[in-house]
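Heads up: the structure comes next, in C-alpha cells.
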Amino acid sequence: MSIEVHRDAWGIPHLRADGPDELAFAQGRNAAVDRAWQIEVERHRSQGTTAAFLGPEALGWDRLARQARLDDTARRCFESLDDGTRTWVTAYVDGVNSGLAEGARRAPQFAATGLATGRWQPWTPLGVWLSHHLLFAGFPSKLWREETARHLGPEAAELFATDGPAGSGSNGWLVTGDRTASGAALIAGDPHRFIEDPGIYQQIHLKCPEYDVVGLAVPGVPGIAHFGHTGSVAWAITNAMADYQDLYRERLRRTATGVEALGPDGWSPATAHIETVEVARADPVTVEIVETDRGPVIIGGPDDTEAISLRCPPRVRQDLGFATLPALLRATTVADVDRAFDHWTEPVNVVQAADTQGGLLHRVAGKVPLRHHDNRLRIVPAWDAAHAWQGWHEPMPRADVDGIAVMANQRGLAAPLGVEFAPPHRADRIRELLDASDGWTPGDMAAVHTDTHLASARPLLALLGTLDDLGPDAARLRDRLLRWDRRMDADSTDAAAYAAVRTALVHRVAAHPALSALAERPPYPDIFLPWLSLTQRTAFALEHLLTDRLLTDEERTACVRAAVEEVAAAGAPEQAWGELHRLAPWQSLPDATPEEWPGLSGDHDCVLSTTSVPGLTDLSARGPAARYVWDLADRDNSLWVVPFGASGVTGDAHQRDQMPLWLRGELAPVVTDWQKLTQEHRNV
C-alpha cells in the first residue's frame with residue numbers, strides 16, 4: 001500500500017494513493033490523526049454513549065440516540081450496501097482505527113476526560129452521518145405545531161412556520177458562463193450549520209489513478225458528500241427544507257410476553273428491550289427501547305397514556321444513500337453527478353452542478369415519502385391507515401438553469417415536498433447582487449457571501465414609521481432607525497439599536513394574551529426545547545406575526561410602541577452590533593475559562609446568516625460553517641475557507657488560522673499543484 005500525505009500552507013491534507021480503497025484508508029487515517037477527539041465524540045454520539053465521559057448534560061442526547069436506534073439503523077444500512085461501497089467504507093474505517101492512537105496522543109481532551117479510544121465498526125461512518133442529521137429536518141416542529149393547533153385551533157398549525165429555531169440551511173448559487181469573466185460557470189455558497197469547534201467541514205484533496213477531487217468532507221465520513229470539484233465537474237447542495245420524517249401517536253400496552261402497539265389492523269407485537277446508559281459523575285440510567293411497525297418510540301413508553309414514534313426513510317428503506325459517495329468522486333460530468341444523486345436518501349437536498357462542457361444541474365435529491373398531508377404538519381394516529389406511507393415522491397423536482405440559479409432554503413423547487421421554508425430574503429438578495437454584473441470572477445463572490453442587508457426588518461420599521469405619539473427619547477430612536485441603512489454590520493450602533501427594539505418586541509408579542517396558552521412548557525424531553533420555546537418561536541416568526549391576522553393592527557402598533565419606548569427609556573444601545581453579536585461555537589468539552597469570541601456582522605435573514613435568537617441572546621451559534629467558490633474554468637482559481645482550521649488539535653498552528661480570513665469574508669486559494677505542497681510522510 002502506497003499512501004502520501006501532503007499539506008499546503010493552511011495545513012489542509014492532500015492525500016494520494018494507488019487506488020480508491022487505499023485512498024479511503026488514507027482519508028480515514030488522516031481524520032483520526034487530525035481530528036481524533038472530534039470523530040470519537042461523534043462515534044459516541046451515534047451510539048448514545050457520550051454521557052459516560054461528558055457527564056449528565058449529555059444524557060438527553062444519548063437517550064434520544066438510543067431510542068431512535070441510530071447505531072442499529074447504521075448497521076442495517078451498511079449491510080445493505082453493494083459490495084464495492086461496503087469495501088470502500090470498510091477501508092476508511094480501517095484507516096480510522098489505524099490512526100486513532102496517534103491522534104489521541106495529540107489531543108489533551110482524552111486525558112482530561114479519562115476517555116480511551118475505542119474501535120470503529122464498519123458501519124460507524126453511517127452512524128456519524130445519521131447523528132449529524134437526525135434533527136436536521138426539524139421533526140420536533142411537529143410537536144410545536146401540535147401544541148399550537150391544540151391551543152389556538154387547527155387553522156393556526158402553520159402560524160409560526162419559518163426557518164428556525166434550530167433548522168439548518170445554506171446559501172448556494174450557480175452562475176453560468178455567459179455571466180462570468182472566464183466564460184465558464186461558477187458555483188459558490190456557504191452551508192449554515194451550528195458552528196462547531198473543530199468544524200464539521202474539513203477541506204481535503206483526494207487523488208488516486210481513478211480521480212482527483214477537492215472538497216469539504218465531514219470528519220468521520222468517507223468521500224466528499226456535499227461540496228466537491230473533480231476538475232471537470234463541481235457540485236454543491238443546500239437543505240431542501242423537505243419534510244420526510246413523521247411522528248406517530250402510539251398506544252402501547254404491556255402483555256405477558258412483551259409490549260404491543262395499536263396499528264391499523266389492531267394490536268401487534270412491538271420490539272422492546274432495556275439499555276443502560278453510563279453517566280460520568282452520576283448513577284447509570286436505564287432506557288427502555290421500544291419499536292413499533294411505524295418506527296422507534298422516542299417519547300413516552302408502554303406505561304404512559306400515549307407515546308410518540310419516529311418514522312424516517314433510512315430505517316424504513318435500510319438505505320442511507322452512501323453508494324452516492326464513491327460515485328461522486330468518480331464523476332466527470334453533470335450527468336455523472338445527477339446519476340450519483342439518484343441514490344441519495346438523507347438529508348434531502350437541492351443540488352447544483354456544472355461541468356467544463358457546459359452541463360448544468362439544478363435538482364432535489366433524497367427520499368420523501370408519499371402520505372397524508374397531515375403527516376407533514378402534526379403528530380398523526382398510528383392506528384389510522386390513512387396515515388401510512390404509500391411509496392416515494394418520484395421523480396424529484398428539477399429545473400433548467402438560465403443565467404443564474406439561487407438556492408437559499410426558500411419556497412421554490414422543493415415546495416411540493418415541505419411545509420416550513422426560509423423567508424425569500426436571502427435568495428432574493430443573492431439574485432439581486434448577482435444580476436448586477438455579467439463578469440463575475442471567483443474573487444468577486446466574497447461580496448455576496450458577506451452581504452449584511454436585512455430585508456426582514458421592513459415590517460417592524462414600517463410600523464415604527466406610523467408612530468407619531470412617542471416620547472422625545474423614543475421619537476429620536478424612531479427617527480434614527482428610520483434613517484438606518486438596514487445593514488447588520490459589526491461596527492454599526494444602529495444595528496444594535498434595531499436589535500434591542502426587536503428583542504423588546506419579541507417579548508411583547510410572546511406575552512400577548514393571544515399566545516399565552518403556548519407559554520406553558522409542553523411535556524416533552526428537554527432535548528426538544530429549542531423547538532418548543534414560545535420566545536424562540538416568536539423570534540423567528542416575528543416578521544410573519546407582524547403581518548398575520550392573529551394580532552389586530554392596533555395590537556401590533558401597541559406592541560411596537562411599547563418596545564421602542566422601553567428601549568428608549570433604558571437608553572438605546574451605543575455599543576456596536578459586533579460587541580453584542582459574538583460567535584458562540586459548540587464545543588463538546590469547553591475550556592474551563594470561557595473564551596472571548598469575536599464579534600460578527602450579519603443576522604439570521606442576511607446573506608451573511610449569523611443566527612442569534614432575539615429575545616434570548618444576541619450571541620450567534622449558527623452561521624457559515626464554510627464558504628466556497630468552485631471555478632469551472634480552472635480549478636486552481638477556486639477558493640474556500642472554514643471558521644477554524646484544518647486541524648482539530650488544541651494548540652496546533654492550523655487549529656484556528658483561518659478564523660481571521662473567515663471573519664473578514666476572505667477566502668484561501670484551493671491548491672492542487674503537488675509541486676506547491678509539502679510532503680509530510682509516505683507509507684508503503
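Ordering of the C-alpha cells sets the chain letters (A, B, ...); residue numbers start at 1 within each chain; ligands are numbered from 1 in the order shown.
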Query raised in the report: Can you tell me, as an MDAnalysis selection string, what residues are no more than 10 Å from Arg480 (chain A) when counting only C-alpha atoms, ignoring any on the same chain fewer than 5 positions away?
Result: chainID A and resid 474:475 494 497:498
Can you write just those residues out, C-alpha atoms, as a PDB file, in the first residue's frame?
ATOM      1  CA  ALA A 474     -38.443  57.255  21.753  1.00  0.00           C
ATOM      2  CA  ALA A 475     -39.092  59.655  18.860  1.00  0.00           C
ATOM      3  CA  ASP A 494     -27.788  51.485  14.614  1.00  0.00           C
ATOM      4  CA  ALA A 497     -30.298  49.634  18.463  1.00  0.00           C
ATOM      5  CA  TYR A 498     -32.568  47.872  15.984  1.00  0.00           C
TER       6      TYR A 498
END
Requested in this report: Show which residues sit within 7 Å of region 121-124 of chain A, as a ChimeraX atom specification. Count only C-alpha atoms, and ignore same-chain residues fewer than 2 positions away.
Outcome: /A:43,74-75,78,89-90,93,119,126-128
Query - Which residue of A:Ala499, A:Ala541, A:Val233, A:Met396 approaches Ala184 (chain A) most closely, using only C-alpha atoms - result: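 Closest to Ala184 (chain A) of all the choices is A:Val233.
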Query raised in the report: When DSSP works through the backbone of this structure, what residues of region 290-479 of chain A end up as strand (DSSP E or B), shown as a ChimeraX atom specification?
Result: /A:290-291,296-299,307-311,349-355,360-365,369,380-381,392,398,402,404-407,410,422,440,453
Selection file, N, CA, C and O atoms, as a compact mmCIF listing (two decimals), in the first residue's frame:
# COMPACT_ATOMS: atom_id res chain seq x y z
N VAL A 290 -38.23 0.82 22.57
CA VAL A 290 -39.43 0.21 22.00
C VAL A 290 -39.53 0.61 20.54
O VAL A 290 -39.29 1.77 20.18
N GLU A 291 -39.89 -0.33 19.69
CA GLU A 291 -40.09 -0.02 18.27
C GLU A 291 -41.38 -0.68 17.79
O GLU A 291 -41.57 -1.88 17.98
N PRO A 296 -39.16 3.61 15.77
CA PRO A 296 -38.75 3.65 17.18
C PRO A 296 -39.56 4.67 17.97
O PRO A 296 -39.88 5.76 17.47
N VAL A 297 -39.88 4.32 19.21
CA VAL A 297 -40.59 5.24 20.11
C VAL A 297 -39.56 6.17 20.74
O VAL A 297 -38.62 5.71 21.40
N ILE A 298 -39.72 7.48 20.56
CA ILE A 298 -38.73 8.44 21.05
C ILE A 298 -39.27 9.30 22.19
O ILE A 298 -38.50 10.02 22.83
N ILE A 299 -40.58 9.25 22.44
CA ILE A 299 -41.17 10.00 23.55
C ILE A 299 -42.19 9.08 24.22
O ILE A 299 -43.06 8.51 23.56
N ALA A 307 -47.64 7.40 23.52
CA ALA A 307 -46.22 7.57 23.21
C ALA A 307 -46.12 8.10 21.78
O ALA A 307 -47.12 8.18 21.06
N ILE A 308 -44.91 8.47 21.37
CA ILE A 308 -44.70 9.02 20.03
C ILE A 308 -43.54 8.29 19.39
O ILE A 308 -42.45 8.17 19.97
N SER A 309 -43.77 7.79 18.18
CA SER A 309 -42.72 7.10 17.43
C SER A 309 -42.28 7.95 16.25
O SER A 309 -43.00 8.85 15.80
N LEU A 310 -41.08 7.68 15.77
CA LEU A 310 -40.47 8.41 14.65
C LEU A 310 -40.30 7.46 13.48
O LEU A 310 -39.72 6.38 13.61
N ARG A 311 -40.78 7.89 12.32
CA ARG A 311 -40.61 7.10 11.10
C ARG A 311 -39.75 7.92 10.13
O ARG A 311 -40.08 9.07 9.82
N ASN A 349 -31.73 17.26 -0.23
CA ASN A 349 -31.01 18.48 -0.58
C ASN A 349 -31.38 18.97 -1.97
O ASN A 349 -31.81 18.20 -2.83
N VAL A 350 -31.19 20.27 -2.17
CA VAL A 350 -31.17 20.84 -3.52
C VAL A 350 -29.73 20.80 -4.00
O VAL A 350 -28.81 21.24 -3.29
N VAL A 351 -29.51 20.24 -5.18
CA VAL A 351 -28.17 20.05 -5.73
C VAL A 351 -27.98 20.97 -6.93
O VAL A 351 -28.88 21.10 -7.78
N GLN A 352 -26.82 21.61 -7.00
CA GLN A 352 -26.43 22.35 -8.19
C GLN A 352 -25.09 21.80 -8.66
O GLN A 352 -24.23 21.45 -7.85
N ALA A 353 -24.91 21.72 -9.97
CA ALA A 353 -23.66 21.23 -10.53
C ALA A 353 -23.42 21.86 -11.89
O ALA A 353 -24.36 22.30 -12.57
N ALA A 354 -22.15 21.92 -12.26
CA ALA A 354 -21.77 22.42 -13.58
C ALA A 354 -20.50 21.70 -14.00
O ALA A 354 -19.71 21.26 -13.15
N ASP A 355 -20.30 21.57 -15.31
CA ASP A 355 -19.08 20.91 -15.78
C ASP A 355 -18.39 21.76 -16.85
O ASP A 355 -18.91 22.80 -17.28
N LEU A 360 -25.20 21.71 -16.89
CA LEU A 360 -25.73 22.38 -15.70
C LEU A 360 -26.78 21.49 -15.04
O LEU A 360 -27.48 20.74 -15.72
N LEU A 361 -26.90 21.60 -13.72
CA LEU A 361 -27.85 20.78 -12.98
C LEU A 361 -28.43 21.58 -11.82
O LEU A 361 -27.70 22.28 -11.11
N HIS A 362 -29.75 21.47 -11.65
CA HIS A 362 -30.44 22.10 -10.52
C HIS A 362 -31.60 21.17 -10.18
O HIS A 362 -32.61 21.13 -10.88
N ARG A 363 -31.47 20.40 -9.10
CA ARG A 363 -32.45 19.37 -8.79
C ARG A 363 -32.52 19.13 -7.29
O ARG A 363 -31.68 19.59 -6.52
N VAL A 364 -33.56 18.38 -6.88
CA VAL A 364 -33.68 17.91 -5.50
C VAL A 364 -33.24 16.45 -5.46
O VAL A 364 -33.57 15.67 -6.37
N ALA A 365 -32.51 16.07 -4.41
CA ALA A 365 -32.06 14.69 -4.24
C ALA A 365 -32.41 14.20 -2.85
O ALA A 365 -32.26 14.94 -1.87
N PRO A 369 -41.34 10.47 1.50
CA PRO A 369 -42.47 9.54 1.38
C PRO A 369 -43.74 10.24 0.88
O PRO A 369 -43.96 11.42 1.14
N VAL A 380 -49.60 12.22 14.04
CA VAL A 380 -50.78 11.56 13.47
C VAL A 380 -51.00 10.21 14.17
O VAL A 380 -50.06 9.61 14.69
N PRO A 381 -52.25 9.72 14.20
CA PRO A 381 -52.56 8.47 14.92
C PRO A 381 -52.01 7.24 14.21
O PRO A 381 -52.27 7.03 13.02
N TRP A 392 -42.95 6.68 -2.65
CA TRP A 392 -41.99 7.78 -2.62
C TRP A 392 -42.25 8.77 -3.73
O TRP A 392 -42.72 8.40 -4.82
N ARG A 398 -36.82 19.15 -10.53
CA ARG A 398 -35.62 19.72 -11.13
C ARG A 398 -36.02 20.91 -11.99
O ARG A 398 -37.19 21.09 -12.33
N ASP A 402 -30.98 29.21 -16.13
CA ASP A 402 -30.92 30.28 -17.11
C ASP A 402 -30.14 31.45 -16.53
O ASP A 402 -30.69 32.31 -15.86
N ILE A 404 -28.57 32.38 -13.95
CA ILE A 404 -28.31 32.31 -12.52
C ILE A 404 -29.32 31.36 -11.89
O ILE A 404 -30.51 31.39 -12.22
N ALA A 405 -28.86 30.53 -10.98
CA ALA A 405 -29.75 29.72 -10.15
C ALA A 405 -29.35 29.94 -8.70
O ALA A 405 -28.17 29.88 -8.36
N VAL A 406 -30.34 30.22 -7.85
CA VAL A 406 -30.08 30.52 -6.45
C VAL A 406 -30.86 29.53 -5.58
O VAL A 406 -32.03 29.25 -5.84
N MET A 407 -30.20 29.02 -4.56
CA MET A 407 -30.86 28.13 -3.61
C MET A 407 -30.49 28.61 -2.21
O MET A 407 -29.32 28.67 -1.85
N GLN A 410 -35.41 28.68 0.31
CA GLN A 410 -36.68 29.36 0.09
C GLN A 410 -37.69 28.40 -0.54
O GLN A 410 -37.34 27.36 -1.08
N ALA A 422 -37.44 28.81 4.38
CA ALA A 422 -36.87 30.09 4.78
C ALA A 422 -37.62 31.22 4.08
O ALA A 422 -38.11 31.07 2.96
N TRP A 440 -18.57 38.01 -13.55
CA TRP A 440 -18.20 37.53 -12.23
C TRP A 440 -16.90 36.72 -12.27
O TRP A 440 -16.66 35.94 -13.19
N HIS A 453 -27.39 43.13 4.34
CA HIS A 453 -28.69 43.81 4.26
C HIS A 453 -29.78 42.94 4.88
O HIS A 453 -29.89 41.75 4.59
At most 7 Å is the cut-off: for each residue in region 166-238 of chain A with any atom that close to an atom of region 644-647 of chain A, write down the nearest atom pair and the distance in Å rounded to one decimal, counting only C-alpha atoms, chain first then increasing number, as CSV.
residue,atom,partner,partner_atom,distance
A:Pro198,CA,A:Phe644,CA,6.8
A:Gly199,CA,A:Phe644,CA,6.5
A:Gln202,CA,A:Ala646,CA,6.3
A:Gln203,CA,A:Ala646,CA,6.7
Report summary line: Computed gap from CA of Pro209 (chain A) to CA of Thr672 (chain A) is 14.9 Å
Query raised in the report: So which residues touch Asp197 (chain A) within 10 Å, counting only C-alpha atoms, skipping near sequence neighbours fewer than 2 positions away, as a ChimeraX atom specification?
Result: /A:38,194-195,199-200,584-590,643-645,648,655-656
Same residues, N, CA, C and O atoms, output as a PDB file, in the first residue's frame:
ATOM      1  N   GLN A  38     -12.603  14.856  17.945  1.00  0.00           N
ATOM      2  CA  GLN A  38     -13.863  15.179  17.282  1.00  0.00           C
ATOM      3  C   GLN A  38     -14.574  13.924  16.790  1.00  0.00           C
ATOM      4  O   GLN A  38     -15.766  13.739  17.049  1.00  0.00           O
ATOM      5  N   PHE A 194     -24.763  24.764  12.878  1.00  0.00           N
ATOM      6  CA  PHE A 194     -24.175  25.151  14.149  1.00  0.00           C
ATOM      7  C   PHE A 194     -22.658  25.173  13.979  1.00  0.00           C
ATOM      8  O   PHE A 194     -22.077  24.231  13.423  1.00  0.00           O
ATOM      9  N   ILE A 195     -22.050  26.265  14.411  1.00  0.00           N
ATOM     10  CA  ILE A 195     -20.602  26.373  14.302  1.00  0.00           C
ATOM     11  C   ILE A 195     -19.980  25.529  15.405  1.00  0.00           C
ATOM     12  O   ILE A 195     -20.222  25.763  16.591  1.00  0.00           O
ATOM     13  N   GLY A 199     -14.450  22.226  13.334  1.00  0.00           N
ATOM     14  CA  GLY A 199     -15.544  22.411  12.398  1.00  0.00           C
ATOM     15  C   GLY A 199     -16.066  21.122  11.804  1.00  0.00           C
ATOM     16  O   GLY A 199     -15.357  20.114  11.700  1.00  0.00           O
ATOM     17  N   ILE A 200     -17.327  21.177  11.378  1.00  0.00           N
ATOM     18  CA  ILE A 200     -17.965  19.997  10.793  1.00  0.00           C
ATOM     19  C   ILE A 200     -17.453  19.716   9.391  1.00  0.00           C
ATOM     20  O   ILE A 200     -17.562  18.597   8.892  1.00  0.00           O
ATOM     21  N   ALA A 584     -20.506  32.031  19.158  1.00  0.00           N
ATOM     22  CA  ALA A 584     -20.682  31.134  20.314  1.00  0.00           C
ATOM     23  C   ALA A 584     -20.659  29.694  19.810  1.00  0.00           C
ATOM     24  O   ALA A 584     -21.694  29.031  19.734  1.00  0.00           O
ATOM     25  N   PRO A 585     -19.484  29.181  19.456  1.00  0.00           N
ATOM     26  CA  PRO A 585     -19.412  27.837  18.862  1.00  0.00           C
ATOM     27  C   PRO A 585     -19.699  26.741  19.880  1.00  0.00           C
ATOM     28  O   PRO A 585     -19.477  26.907  21.083  1.00  0.00           O
ATOM     29  N   TRP A 586     -20.171  25.602  19.363  1.00  0.00           N
ATOM     30  CA  TRP A 586     -20.383  24.432  20.207  1.00  0.00           C
ATOM     31  C   TRP A 586     -19.073  23.691  20.377  1.00  0.00           C
ATOM     32  O   TRP A 586     -18.349  23.420  19.413  1.00  0.00           O
ATOM     33  N   GLN A 587     -18.759  23.362  21.614  1.00  0.00           N
ATOM     34  CA  GLN A 587     -17.584  22.555  21.923  1.00  0.00           C
ATOM     35  C   GLN A 587     -18.030  21.416  22.835  1.00  0.00           C
ATOM     36  O   GLN A 587     -18.720  21.652  23.825  1.00  0.00           O
ATOM     37  N   SER A 588     -17.649  20.218  22.495  1.00  0.00           N
ATOM     38  CA  SER A 588     -18.057  19.087  23.325  1.00  0.00           C
ATOM     39  C   SER A 588     -17.425  19.157  24.705  1.00  0.00           C
ATOM     40  O   SER A 588     -17.988  18.656  25.683  1.00  0.00           O
ATOM     41  N   LEU A 589     -16.261  19.795  24.800  1.00  0.00           N
ATOM     42  CA  LEU A 589     -15.581  19.946  26.083  1.00  0.00           C
ATOM     43  C   LEU A 589     -15.043  21.376  26.165  1.00  0.00           C
ATOM     44  O   LEU A 589     -13.876  21.628  25.857  1.00  0.00           O
ATOM     45  N   PRO A 590     -15.880  22.348  26.568  1.00  0.00           N
ATOM     46  CA  PRO A 590     -15.437  23.748  26.618  1.00  0.00           C
ATOM     47  C   PRO A 590     -14.281  23.930  27.598  1.00  0.00           C
ATOM     48  O   PRO A 590     -14.126  23.182  28.565  1.00  0.00           O
ATOM     49  N   PRO A 643     -14.347  28.261   9.427  1.00  0.00           N
ATOM     50  CA  PRO A 643     -14.189  29.187  10.553  1.00  0.00           C
ATOM     51  C   PRO A 643     -12.947  28.938  11.398  1.00  0.00           C
ATOM     52  O   PRO A 643     -12.395  29.876  11.963  1.00  0.00           O
ATOM     53  N   PHE A 644     -12.544  27.689  11.524  1.00  0.00           N
ATOM     54  CA  PHE A 644     -11.411  27.390  12.387  1.00  0.00           C
ATOM     55  C   PHE A 644     -10.205  27.028  11.532  1.00  0.00           C
ATOM     56  O   PHE A 644      -9.496  27.891  11.073  1.00  0.00           O
ATOM     57  N   GLY A 645      -9.941  25.784  11.294  1.00  0.00           N
ATOM     58  CA  GLY A 645      -8.791  25.421  10.503  1.00  0.00           C
ATOM     59  C   GLY A 645      -8.794  23.958  10.165  1.00  0.00           C
ATOM     60  O   GLY A 645      -9.738  23.227  10.461  1.00  0.00           O
ATOM     61  N   GLY A 648      -7.830  19.706  14.175  1.00  0.00           N
ATOM     62  CA  GLY A 648      -8.674  19.719  15.364  1.00  0.00           C
ATOM     63  C   GLY A 648      -7.878  19.559  16.640  1.00  0.00           C
ATOM     64  O   GLY A 648      -8.455  19.303  17.697  1.00  0.00           O
ATOM     65  N   GLN A 655      -5.038  25.055  13.859  1.00  0.00           N
ATOM     66  CA  GLN A 655      -6.310  24.834  14.547  1.00  0.00           C
ATOM     67  C   GLN A 655      -7.287  25.973  14.260  1.00  0.00           C
ATOM     68  O   GLN A 655      -8.487  25.742  14.072  1.00  0.00           O
ATOM     69  N   ARG A 656      -6.787  27.218  14.235  1.00  0.00           N
ATOM     70  CA  ARG A 656      -7.682  28.366  14.062  1.00  0.00           C
ATOM     71  C   ARG A 656      -7.104  29.409  13.115  1.00  0.00           C
ATOM     72  O   ARG A 656      -7.486  30.572  13.149  1.00  0.00           O
TER      73      ARG A 656
END
Report task. Please measure the separation of CA of Glu57 (chain A) and CA of Glu196 (chain A), giving the value in Å to one decimal. Result ->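 Answer for the CA of Glu57 (chain A) to CA of Glu196 (chain A) separation: 17.3 Å.
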